[in-house]
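> Just structure_39.csv, nothing more (CSV, C-alpha atoms):
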```
chain,number,residue,atom,x,y,z
G,1,MET,CA,0.0,0.0,0.0
G,2,ASP,CA,1.2,3.5,-0.8
G,3,GLU,CA,2.1,5.1,2.5
G,4,THR,CA,1.3,8.5,1.2
G,5,ASN,CA,-2.2,7.5,0.0
G,6,PRO,CA,-4.3,6.6,3.0
G,7,ILE,CA,-7.5,6.6,1.1
G,8,ALA,CA,-6.6,3.1,0.2
G,9,ALA,CA,-6.5,2.4,4.0
G,10,LYS,CA,-9.6,1.5,6.0
G,11,LEU,CA,-11.7,4.4,7.3
G,12,SER,CA,-13.7,4.1,10.4
G,13,ALA,CA,-17.1,4.6,8.8
G,14,PRO,CA,-18.3,2.6,5.8
G,15,LYS,CA,-18.9,4.3,2.5
G,16,LEU,CA,-22.4,5.7,2.4
G,17,SER,CA,-24.6,3.7,0.1
G,18,ALA,CA,-26.3,6.9,-1.0
G,19,THR,CA,-23.5,7.5,-3.5
G,20,GLY,CA,-24.6,4.5,-5.5
G,21,GLY,CA,-28.0,6.0,-6.1
G,22,MET,CA,-26.8,9.4,-7.1
G,23,SER,CA,-26.2,10.5,-10.6
G,24,GLU,CA,-22.7,11.5,-11.7
G,25,ARG,CA,-24.0,15.1,-12.0
G,26,SER,CA,-25.2,15.1,-8.4
G,27,ARG,CA,-22.0,13.6,-7.1
G,28,GLU,CA,-19.9,16.2,-9.0
G,29,ILE,CA,-22.0,19.1,-7.8
G,30,LEU,CA,-21.8,17.9,-4.2
G,31,ARG,CA,-18.1,17.5,-4.5
G,32,MET,CA,-17.7,21.0,-5.9
G,33,ILE,CA,-19.8,22.5,-3.1
G,34,VAL,CA,-17.7,20.8,-0.5
G,35,ASP,CA,-14.4,21.8,-2.2
G,36,ALA,CA,-15.6,25.4,-2.3
G,37,TYR,CA,-16.8,25.2,1.3
G,38,VAL,CA,-13.4,23.9,2.5
G,39,GLU,CA,-11.7,26.6,0.6
G,40,THR,CA,-13.8,29.6,1.7
G,41,GLY,CA,-16.3,28.6,4.4
G,42,ALA,CA,-19.0,30.5,2.5
G,43,PRO,CA,-22.2,29.2,0.9
G,44,VAL,CA,-21.9,28.3,-2.8
G,45,GLY,CA,-24.5,29.5,-5.4
G,46,SER,CA,-25.6,28.0,-8.6
G,47,ARG,CA,-24.0,30.6,-10.8
G,48,THR,CA,-20.6,30.0,-9.2
G,49,LEU,CA,-21.0,26.3,-9.7
G,50,SER,CA,-22.0,26.7,-13.3
G,51,GLN,CA,-18.7,28.6,-13.9
G,52,ARG,CA,-16.6,26.1,-12.0
G,53,LEU,CA,-18.1,22.9,-13.5
G,54,GLY,CA,-17.4,23.7,-17.1
G,55,MET,CA,-20.5,21.6,-18.0
G,56,ASP,CA,-23.2,22.7,-20.3
G,57,LEU,CA,-25.5,23.2,-17.3
G,58,SER,CA,-27.6,26.3,-16.7
G,59,PRO,CA,-27.8,27.8,-13.1
G,60,ALA,CA,-31.5,26.7,-13.1
G,61,THR,CA,-30.5,23.1,-13.7
G,62,ILE,CA,-27.9,23.2,-11.0
G,63,ARG,CA,-30.4,24.8,-8.6
G,64,ASN,CA,-32.7,21.8,-9.2
G,65,VAL,CA,-29.9,19.3,-8.4
G,66,MET,CA,-29.0,21.3,-5.3
G,67,ALA,CA,-32.6,21.2,-4.1
G,68,ASP,CA,-32.5,17.4,-4.6
G,69,LEU,CA,-29.3,17.2,-2.5
G,70,GLU,CA,-31.0,19.4,0.2
G,71,ASP,CA,-34.0,17.0,0.3
G,72,LEU,CA,-31.5,14.1,0.9
G,73,GLY,CA,-30.1,16.0,3.9
G,74,LEU,CA,-26.7,16.6,2.2
G,75,LEU,CA,-27.0,20.4,1.8
G,76,MET,CA,-28.5,23.2,3.7
G,77,ALA,CA,-29.4,26.8,3.0
G,78,PRO,CA,-28.2,29.2,5.8
G,79,HIS,CA,-30.4,32.0,4.3
G,80,THR,CA,-33.4,32.0,2.0
G,81,SER,CA,-31.6,33.7,-0.9
G,82,ALA,CA,-28.1,32.3,-0.2
G,83,GLY,CA,-26.2,29.4,-1.8
G,84,ARG,CA,-25.8,26.1,-0.1
G,85,LEU,CA,-23.5,24.6,2.5
G,86,PRO,CA,-22.8,20.9,3.1
G,87,THR,CA,-24.4,19.4,6.2
G,88,GLU,CA,-22.4,17.0,8.4
G,89,GLN,CA,-24.1,14.1,6.5
G,90,GLY,CA,-22.9,15.7,3.3
G,91,LEU,CA,-19.4,16.0,4.6
G,92,ARG,CA,-19.4,12.3,5.6
G,93,LEU,CA,-20.6,11.3,2.2
G,94,TYR,CA,-17.9,13.4,0.6
G,95,VAL,CA,-15.1,12.0,2.9
G,96,HIS,CA,-16.1,8.4,2.7
G,97,GLY,CA,-17.4,8.2,-0.8
G,98,LEU,CA,-16.4,11.1,-3.0
G,99,LEU,CA,-13.0,12.4,-1.8
G,100,GLU,CA,-10.4,12.2,-4.5
G,101,ARG,CA,-7.1,10.5,-3.6
G,102,GLY,CA,-4.5,12.8,-2.3
G,103,ASN,CA,-0.7,12.6,-1.9
G,104,LEU,CA,1.8,14.5,0.2
G,105,SER,CA,4.4,16.4,-1.7
G,106,THR,CA,8.1,15.3,-1.5
G,107,ASN,CA,8.8,18.4,0.6
G,108,GLU,CA,6.0,17.7,3.0
G,109,ARG,CA,7.2,14.1,3.6
G,110,GLN,CA,10.8,15.3,4.1
G,111,HIS,CA,9.5,17.9,6.5
G,112,ILE,CA,7.7,15.3,8.6
G,113,ASP,CA,10.7,13.0,8.5
G,114,THR,CA,13.0,15.8,9.7
G,115,GLN,CA,10.7,17.0,12.5
G,116,CYS,CA,10.2,13.5,13.7
G,117,ALA,CA,13.9,12.5,13.6
G,118,ALA,CA,15.0,10.9,16.8
G,119,VAL,CA,18.7,11.7,16.6
G,120,GLY,CA,19.8,13.3,19.9
G,121,ARG,CA,16.3,13.4,21.3
G,122,SER,CA,14.2,11.3,23.6
G,123,LEU,CA,10.9,9.7,22.4
G,124,PRO,CA,8.8,12.2,24.5
G,125,GLU,CA,10.7,15.1,22.9
G,126,VAL,CA,10.1,13.6,19.4
G,127,LEU,CA,6.3,13.2,20.2
G,128,GLU,CA,6.1,16.8,21.4
G,129,GLU,CA,7.8,18.0,18.2
G,130,ALA,CA,5.5,15.8,16.1
G,131,THR,CA,2.4,17.3,17.7
G,132,THR,CA,3.6,20.9,17.1
G,133,MET,CA,4.5,20.0,13.5
G,134,LEU,CA,1.1,18.5,12.8
G,135,SER,CA,-0.6,21.7,14.2
G,136,GLY,CA,1.6,23.9,12.0
G,137,LEU,CA,1.1,21.9,8.8
G,138,SER,CA,-2.6,21.4,9.2
G,139,ARG,CA,-3.4,24.8,10.8
G,140,CYS,CA,-5.4,22.9,13.3
G,141,ALA,CA,-4.8,21.5,16.8
G,142,GLY,CA,-2.4,18.6,16.7
G,143,LEU,CA,-2.5,15.7,19.1
G,144,VAL,CA,-0.4,12.6,19.9
G,145,VAL,CA,-1.1,9.8,22.3
G,146,ALA,CA,2.2,8.6,23.7
G,147,PRO,CA,2.9,4.9,23.7
G,148,LYS,CA,2.3,3.1,26.9
G,149,GLN,CA,5.7,2.4,28.5
G,150,ASP,CA,5.5,-0.2,31.2
G,151,GLU,CA,9.2,-1.1,31.5
G,152,ALA,CA,10.9,-2.5,34.7
G,153,ILE,CA,11.7,0.1,37.4
G,154,ASN,CA,15.0,0.5,39.1
G,155,HIS,CA,14.4,3.3,41.6
G,156,ILE,CA,11.7,5.5,43.0
G,157,GLU,CA,12.2,8.4,45.5
G,158,PHE,CA,10.0,11.0,47.2
G,159,VAL,CA,11.6,14.4,47.7
G,160,SER,CA,10.0,17.2,49.8
G,161,LEU,CA,9.4,20.5,47.9
G,162,GLY,CA,8.0,22.4,50.9
G,163,PRO,CA,4.6,22.4,52.7
G,164,GLY,CA,2.0,20.4,50.8
G,165,ARG,CA,4.2,19.4,47.8
G,166,ALA,CA,6.6,16.6,47.0
G,167,LEU,CA,8.6,15.4,43.9
G,168,VAL,CA,8.4,11.8,42.8
G,169,VAL,CA,11.5,10.6,40.9
G,170,LEU,CA,11.3,7.4,38.9
G,171,VAL,CA,14.2,5.7,37.1
G,172,THR,CA,13.5,2.8,34.8
G,173,ARG,CA,15.8,-0.1,33.9
G,174,SER,CA,16.7,1.6,30.6
G,175,GLY,CA,17.9,4.7,32.5
G,176,ARG,CA,14.8,6.8,31.6
G,177,VAL,CA,14.2,9.4,34.4
G,178,GLU,CA,10.8,11.0,34.9
G,179,ASN,CA,9.6,13.4,37.6
G,180,ARG,CA,6.1,14.2,38.9
G,181,VAL,CA,5.0,16.9,41.4
G,182,ILE,CA,2.3,15.7,43.8
G,183,ASP,CA,0.2,17.2,46.5
G,184,VAL,CA,0.8,15.8,50.0
G,185,PRO,CA,-0.8,16.5,53.4
G,186,ILE,CA,0.3,19.7,55.1
G,187,GLY,CA,2.7,18.8,57.9
G,188,LEU,CA,3.7,15.4,56.4
G,189,PRO,CA,6.8,14.5,58.4
G,190,PRO,CA,10.1,13.8,56.5
G,191,SER,CA,10.1,10.3,57.9
G,192,SER,CA,7.0,9.5,55.9
G,193,LEU,CA,8.8,10.4,52.6
G,194,VAL,CA,11.8,8.2,53.6
G,195,GLU,CA,9.5,5.3,54.6
G,196,ALA,CA,7.5,5.6,51.4
G,197,THR,CA,10.7,5.6,49.3
G,198,ASN,CA,12.1,2.5,51.1
G,199,TYR,CA,8.8,0.6,50.9
G,200,LEU,CA,8.3,1.2,47.2
G,201,SER,CA,11.9,0.8,46.2
G,202,ALA,CA,11.9,-2.7,47.7
G,203,ARG,CA,8.7,-3.6,45.8
G,204,LEU,CA,9.2,-1.8,42.5
G,205,ARG,CA,12.7,-2.8,41.7
G,206,GLY,CA,12.7,-5.2,38.7
G,207,ARG,CA,8.9,-5.0,38.3
G,208,THR,CA,6.8,-3.0,35.9
G,209,LEU,CA,4.6,-0.3,37.3
G,210,SER,CA,1.5,-2.3,36.8
G,211,GLU,CA,3.0,-5.3,38.6
G,212,ALA,CA,4.2,-3.1,41.5
G,213,GLN,CA,0.7,-1.6,41.8
G,214,LEU,CA,-0.9,-5.0,42.1
G,215,ALA,CA,1.6,-6.2,44.7
G,216,VAL,CA,1.2,-3.1,46.8
G,217,SER,CA,-2.6,-3.2,46.6
G,218,GLU,CA,-2.6,-6.9,47.7
G,219,GLU,CA,-0.4,-6.1,50.7
G,220,VAL,CA,-2.5,-3.1,51.7
G,221,ALA,CA,-5.7,-5.2,51.3
G,222,ALA,CA,-4.3,-8.0,53.4
G,223,GLN,CA,-3.0,-5.4,56.0
G,224,ARG,CA,0.5,-6.9,55.8
G,225,THR,CA,2.1,-3.4,55.9
G,226,GLN,CA,3.2,-1.6,59.0
G,227,LEU,CA,2.9,1.8,57.4
G,228,ASP,CA,1.0,4.6,59.0
G,229,ASP,CA,-2.0,6.1,57.3
G,230,LEU,CA,-0.1,9.2,56.0
G,231,THR,CA,2.6,7.1,54.4
G,232,ASN,CA,-0.1,4.8,52.8
G,233,ARG,CA,-1.8,7.8,51.3
G,234,LEU,CA,1.5,9.1,50.0
G,235,ILE,CA,2.2,5.7,48.3
G,236,GLU,CA,-1.2,5.5,46.8
G,237,THR,CA,-0.9,9.1,45.4
G,238,GLY,CA,2.5,8.4,44.0
G,239,LEU,CA,1.4,5.2,42.2
G,240,ALA,CA,-1.8,6.8,40.9
G,241,THR,CA,0.2,9.8,39.5
G,242,TRP,CA,2.4,7.4,37.5
G,243,SER,CA,-0.4,5.3,36.2
G,244,ASN,CA,-2.2,8.4,34.8
G,245,GLY,CA,1.0,9.8,33.3
G,246,ILE,CA,3.3,9.0,30.4
G,247,GLY,CA,3.4,5.4,31.5
G,248,GLY,CA,-0.3,5.1,30.8
G,249,GLY,CA,-0.4,6.7,27.4
G,250,ALA,CA,-0.3,10.4,27.9
G,251,LEU,CA,-2.1,12.8,25.6
G,252,ILE,CA,-0.2,15.7,24.0
G,253,VAL,CA,-2.2,18.6,22.5
G,254,ARG,CA,-0.7,21.6,20.8
G,255,GLY,CA,-2.0,24.5,18.7
G,256,GLN,CA,-5.5,24.9,20.2
G,257,ALA,CA,-5.4,28.6,19.3
G,258,GLN,CA,-5.6,27.5,15.7
G,259,LEU,CA,-9.3,26.6,16.3
G,260,LEU,CA,-10.1,30.2,17.0
G,261,GLU,CA,-9.2,31.4,13.5
G,262,ASP,CA,-12.4,30.0,12.0
G,263,VAL,CA,-14.7,31.5,14.7
G,264,GLN,CA,-17.1,34.1,13.2
G,265,ALA,CA,-19.8,34.5,15.9
G,266,LEU,CA,-20.1,34.6,19.7
G,267,GLU,CA,-22.0,31.2,19.8
G,268,GLU,CA,-19.2,29.6,17.8
G,269,LEU,CA,-16.7,31.0,20.3
G,270,GLU,CA,-18.7,29.4,23.2
G,271,ARG,CA,-18.6,26.0,21.4
G,272,VAL,CA,-14.9,26.2,20.9
G,273,ARG,CA,-14.4,27.2,24.6
G,274,HIS,CA,-16.3,24.0,25.5
G,275,LEU,CA,-13.9,22.0,23.3
G,276,PHE,CA,-10.9,23.7,25.0
G,277,THR,CA,-12.3,22.7,28.4
G,278,ALA,CA,-12.6,19.1,27.2
G,279,LEU,CA,-9.1,19.1,25.8
G,280,GLU,CA,-7.8,20.4,29.1
G,281,ARG,CA,-9.5,17.6,31.0
G,282,LYS,CA,-8.3,15.1,28.3
G,283,GLU,CA,-10.3,12.2,29.7
G,284,ALA,CA,-13.1,12.5,27.1
G,285,LEU,CA,-10.7,12.7,24.3
G,286,LEU,CA,-8.5,9.8,25.5
G,287,GLY,CA,-11.7,7.8,25.6
G,288,LEU,CA,-12.4,8.7,22.0
G,289,LEU,CA,-8.9,8.0,21.0
G,290,SER,CA,-9.2,4.5,22.4
G,291,LEU,CA,-11.4,3.7,19.4
G,292,ALA,CA,-8.3,3.9,17.3
G,293,GLU,CA,-7.2,0.6,18.9
G,294,GLY,CA,-10.2,-1.1,17.2
G,295,ALA,CA,-9.5,-0.2,13.6
G,296,GLU,CA,-6.7,0.1,11.1
G,297,GLY,CA,-5.7,3.2,9.1
G,298,VAL,CA,-7.1,6.7,9.3
G,299,GLN,CA,-10.4,7.3,11.1
G,300,ILE,CA,-12.5,10.4,10.8
G,301,PHE,CA,-15.0,11.9,13.2
G,302,ILE,CA,-17.1,14.7,11.9
G,303,GLY,CA,-19.3,16.9,14.1
G,304,SER,CA,-22.0,14.9,15.8
G,305,ASP,CA,-20.2,11.6,15.1
G,306,ASN,CA,-19.1,12.3,18.7
G,307,GLU,CA,-20.7,14.6,21.3
G,308,LEU,CA,-17.3,16.2,22.1
G,309,PHE,CA,-17.0,17.5,18.5
G,310,GLY,CA,-20.7,18.0,17.8
G,311,LEU,CA,-20.9,20.7,20.4
G,312,ALA,CA,-17.9,22.5,19.1
G,313,GLY,CA,-18.6,22.0,15.4
G,314,CYS,CA,-15.2,20.3,14.8
G,315,SER,CA,-13.8,17.2,13.2
G,316,MET,CA,-11.0,14.9,14.1
G,317,VAL,CA,-8.7,12.9,11.8
G,318,ILE,CA,-6.7,10.3,13.6
G,319,ALA,CA,-4.5,7.3,12.8
G,320,PRO,CA,-3.0,4.7,15.2
G,321,TYR,CA,0.6,3.7,15.0
G,322,ASN,CA,2.2,0.3,15.7
G,323,ASN,CA,5.4,-0.9,17.3
G,324,SER,CA,7.7,-3.5,15.7
G,325,GLU,CA,5.3,-6.3,16.8
G,326,GLN,CA,2.5,-4.6,14.9
G,327,LYS,CA,0.7,-3.8,18.2
G,328,ILE,CA,-1.1,-0.5,18.4
G,329,VAL,CA,0.7,1.6,21.0
G,330,GLY,CA,-0.5,5.2,20.3
G,331,ALA,CA,-2.2,7.5,17.9
G,332,VAL,CA,-1.7,10.8,16.1
G,333,GLY,CA,-4.2,13.2,14.7
G,334,VAL,CA,-5.6,16.7,14.3
G,335,ILE,CA,-8.7,18.5,15.4
G,336,GLY,CA,-10.1,21.4,13.4
G,337,PRO,CA,-13.3,22.9,12.0
G,338,THR,CA,-15.6,20.6,10.0
G,339,ARG,CA,-14.3,22.3,6.8
G,340,ILE,CA,-10.7,21.2,7.2
G,341,ASP,CA,-8.9,20.2,4.1
G,342,TYR,CA,-9.5,16.5,4.3
G,343,ALA,CA,-7.8,15.6,1.1
G,344,ARG,CA,-4.5,17.1,2.4
G,345,ILE,CA,-4.8,16.3,6.1
G,346,ILE,CA,-5.7,12.6,5.8
G,347,PRO,CA,-2.5,11.6,4.1
G,348,MET,CA,-0.5,13.9,6.4
G,349,VAL,CA,-1.9,12.2,9.5
G,350,ASP,CA,-1.4,8.7,8.0
G,351,TYR,CA,2.2,9.3,7.0
G,352,THR,CA,3.1,10.8,10.4
G,353,ALA,CA,1.6,7.8,12.1
G,354,LYS,CA,3.8,5.5,10.0
G,355,VAL,CA,6.9,7.6,10.7
G,356,ILE,CA,6.3,7.5,14.5
G,357,GLY,CA,5.6,3.8,14.4
G,358,ARG,CA,9.0,3.2,12.9
G,359,LEU,CA,10.6,5.3,15.6
G,360,VAL,CA,8.9,3.5,18.4
G,361,GLY,CA,10.2,0.2,17.1
```
Would you kindly transcribe this structure into structure tokens?


Amino acid sequence: MDETNPIAAKLSAPKLSATGGMSERSREILRMIVDAYVETGAPVGSRTLSQRLGMDLSPATIRNVMADLEDLGLLMAPHTSAGRLPTEQGLRLYVHGLLERGNLSTNERQHIDTQCAAVGRSLPEVLEEATTMLSGLSRCAGLVVAPKQDEAINHIEFVSLGPGRALVVLVTRSGRVENRVIDVPIGLPPSSLVEATNYLSARLRGRTLSEAQLAVSEEVAAQRTQLDDLTNRLIETGLATWSNGIGGGALIVRGQAQLLEDVQALEELERVRHLFTALERKEALLGLLSLAEGAEGVQIFIGSDNELFGLAGCSMVIAPYNNSEQKIVGAVGVIGPTRIDYARIIPMVDYTAKVIGRLVG
């Protein structure tokens, strides 16, 4: 399969059967309306279409076809005398049944290869750069789900940062060092930090985080520990912090401000703010991204395909990436307005996913 041509890959939604019952004229007019909408965001009139199509069709004939497409729920008229815009259903039909195959240019592929190069950088740094790169190329918000890393642990330590705060330092067998700042009870004695460090170091060394969590939970449940309540709470907080962090498949989002460029009304601004709030929480989006584990290739969510995007009037294009064992370990994608340039962004996301998959190994 051509890596730069993801239309040959599977898409999450099946092709809509409505295309089979549409005439070539209707399909071409719908395609032209969506292309113009993606380009300008403005309604398209019959006279404009007549000039673009280059067919021997009068504006009156085109208006009749547009009316038929509106009856099918594929187009809408924002105003009585205005042209037509594609509905979400029309956009889905376009993406899954009418979209022409697109390819990245050589320069775009080279740019992605360069920005995702791992020379002299850690994997988290590469993923951060890939997210920013996707945002810049697509002029949308870029996102990457980091691969789950559950490697064996060599050392963990709690360090006081002052009243109510502590630093958790974790070192893996490969030498990777990660830090987390956590909240701790005010007045926690230094001895609790030392005790928690000694307790977890003895049980984590040589185990993965998930194995260590299970062992600690079993000991606590069986009341086989002699730790006081404060130290127990500290241990539980520290382990929970790691399980919800990079080791559990962290979400990186960059370029949210790009979503404001298409806002034209106050109510649109409120919808985008709702999306920003969801992106900050990240839980809802991580749940949606988990769908990437159930399918191959590029997946596309348009508007009300998902409540998160329906409220904000946005779309998401996302592709999972695999490790050397062909197991899905993460995903990359972009979020933008429903009129994003699908023909350009789909191959961009697909190619970036393949590049990152090779880096993960």

> I'd like the neighbourhood of region 154-156 of chain G as a compact mmCIF listing (two decimals) with C-alpha atoms, in the coordinates of the input, where a residue qualifies if any of its atoms comes within 9 Å (using only C-alpha atoms), though same-chain residues fewer than 3 positions away should be ignored.


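Listing of around.txt after writing:
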```txt
# COMPACT_ATOMS: atom_id res chain seq x y z
CA VAL G 168 8.40 11.80 42.80
CA VAL G 169 11.50 10.60 40.90
CA LEU G 170 11.30 7.40 38.90
CA VAL G 171 14.20 5.70 37.10
CA THR G 172 13.50 2.80 34.80
CA ARG G 173 15.80 -0.10 33.90
CA SER G 174 16.70 1.60 30.60
CA GLY G 175 17.90 4.70 32.50
CA THR G 197 10.70 5.60 49.30
CA ASN G 198 12.10 2.50 51.10
CA LEU G 200 8.30 1.20 47.20
CA SER G 201 11.90 0.80 46.20
CA ALA G 202 11.90 -2.70 47.70
CA LEU G 204 9.20 -1.80 42.50
CA ARG G 205 12.70 -2.80 41.70
CA GLY G 206 12.70 -5.20 38.70
CA ARG G 207 8.90 -5.00 38.30
```

> Scan for residues within 7 Å of the point (-1.7, 10.6, 21.4) in the coordinates of the file, using only C-alpha atoms, and reply as a list in words.

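Neighbouring residues, ordered by chain and number, come to Leu143, Val144, Val145, Ala146, Ala250, Leu251, Ile252, Gly330, Ala331 and Val332 of chain G.
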
> Got time to write the residues from that selection, C-alpha atoms, as a tab-separated table (two decimals), in the frame of the given file?


```tsv
chain	number	residue	atom	x	y	z
G	143	LEU	CA	-2.50	15.70	19.10
G	144	VAL	CA	-0.40	12.60	19.90
G	145	VAL	CA	-1.10	9.80	22.30
G	146	ALA	CA	2.20	8.60	23.70
G	250	ALA	CA	-0.30	10.40	27.90
G	251	LEU	CA	-2.10	12.80	25.60
G	252	ILE	CA	-0.20	15.70	24.00
G	330	GLY	CA	-0.50	5.20	20.30
G	331	ALA	CA	-2.20	7.50	17.90
G	332	VAL	CA	-1.70	10.80	16.10
```

> Contacts of region 335-345 of chain G at 8 Å or less, counting only C-alpha atoms, minus same-chain residues fewer than 2 places along, as number ranges by chain?

G: 37-39, 41, 88, 95, 99-104, 138-143, 258-259, 262, 302-303, 313-317, 333, 347-349

> Show me the residues around (-19.0, 16.5, -6.2) - criterion: an atom at most 12 Å away, all atoms listed in the file counted - as number ranges by chain.

G: 19, 22-37, 49, 52-53, 65-66, 69, 74-75, 86, 90-91, 93-95, 97-100

> Filtering to C-alpha atoms, could you give me those residues as a PDB file, keeping the file's coordinate frame?


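Once everything was written out, this is again.pdb:
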```pdb
ATOM      1  CA  THR G  19     -23.500   7.500  -3.500  1.00  0.00           C
ATOM      2  CA  MET G  22     -26.800   9.400  -7.100  1.00  0.00           C
ATOM      3  CA  SER G  23     -26.200  10.500 -10.600  1.00  0.00           C
ATOM      4  CA  GLU G  24     -22.700  11.500 -11.700  1.00  0.00           C
ATOM      5  CA  ARG G  25     -24.000  15.100 -12.000  1.00  0.00           C
ATOM      6  CA  SER G  26     -25.200  15.100  -8.400  1.00  0.00           C
ATOM      7  CA  ARG G  27     -22.000  13.600  -7.100  1.00  0.00           C
ATOM      8  CA  GLU G  28     -19.900  16.200  -9.000  1.00  0.00           C
ATOM      9  CA  ILE G  29     -22.000  19.100  -7.800  1.00  0.00           C
ATOM     10  CA  LEU G  30     -21.800  17.900  -4.200  1.00  0.00           C
ATOM     11  CA  ARG G  31     -18.100  17.500  -4.500  1.00  0.00           C
ATOM     12  CA  MET G  32     -17.700  21.000  -5.900  1.00  0.00           C
ATOM     13  CA  ILE G  33     -19.800  22.500  -3.100  1.00  0.00           C
ATOM     14  CA  VAL G  34     -17.700  20.800  -0.500  1.00  0.00           C
ATOM     15  CA  ASP G  35     -14.400  21.800  -2.200  1.00  0.00           C
ATOM     16  CA  ALA G  36     -15.600  25.400  -2.300  1.00  0.00           C
ATOM     17  CA  TYR G  37     -16.800  25.200   1.300  1.00  0.00           C
ATOM     18  CA  LEU G  49     -21.000  26.300  -9.700  1.00  0.00           C
ATOM     19  CA  ARG G  52     -16.600  26.100 -12.000  1.00  0.00           C
ATOM     20  CA  LEU G  53     -18.100  22.900 -13.500  1.00  0.00           C
ATOM     21  CA  VAL G  65     -29.900  19.300  -8.400  1.00  0.00           C
ATOM     22  CA  MET G  66     -29.000  21.300  -5.300  1.00  0.00           C
ATOM     23  CA  LEU G  69     -29.300  17.200  -2.500  1.00  0.00           C
ATOM     24  CA  LEU G  74     -26.700  16.600   2.200  1.00  0.00           C
ATOM     25  CA  LEU G  75     -27.000  20.400   1.800  1.00  0.00           C
ATOM     26  CA  PRO G  86     -22.800  20.900   3.100  1.00  0.00           C
ATOM     27  CA  GLY G  90     -22.900  15.700   3.300  1.00  0.00           C
ATOM     28  CA  LEU G  91     -19.400  16.000   4.600  1.00  0.00           C
ATOM     29  CA  LEU G  93     -20.600  11.300   2.200  1.00  0.00           C
ATOM     30  CA  TYR G  94     -17.900  13.400   0.600  1.00  0.00           C
ATOM     31  CA  VAL G  95     -15.100  12.000   2.900  1.00  0.00           C
ATOM     32  CA  GLY G  97     -17.400   8.200  -0.800  1.00  0.00           C
ATOM     33  CA  LEU G  98     -16.400  11.100  -3.000  1.00  0.00           C
ATOM     34  CA  LEU G  99     -13.000  12.400  -1.800  1.00  0.00           C
ATOM     35  CA  GLU G 100     -10.400  12.200  -4.500  1.00  0.00           C
TER      36      GLU G 100
END
```

> How many Å lie between CA of Pro43 (chain G) and CA of Leu57 (chain G), rounded to one decimal?

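Separation between CA of Pro43 (chain G) and CA of Leu57 (chain G): 19.4 Å.
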
> Can you measure CA of Leu234 (chain G) to CA of Ser192 (chain G) for me? One decimal in Å is fine.

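CA of Ser192 (chain G) lies at a distance of 8.1 Å from CA of Leu234 (chain G).
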
> Could you check the closest approach to Asn64 (chain G) for each of G:Gly45, G:Pro163, G:Pro147, G:Gly187 and tell me which residue wins, using all atoms listed in the file?

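Between G:Gly45, G:Pro163, G:Pro147, G:Gly187, the residue approaching Asn64 (chain G) most closely is G:Gly45.
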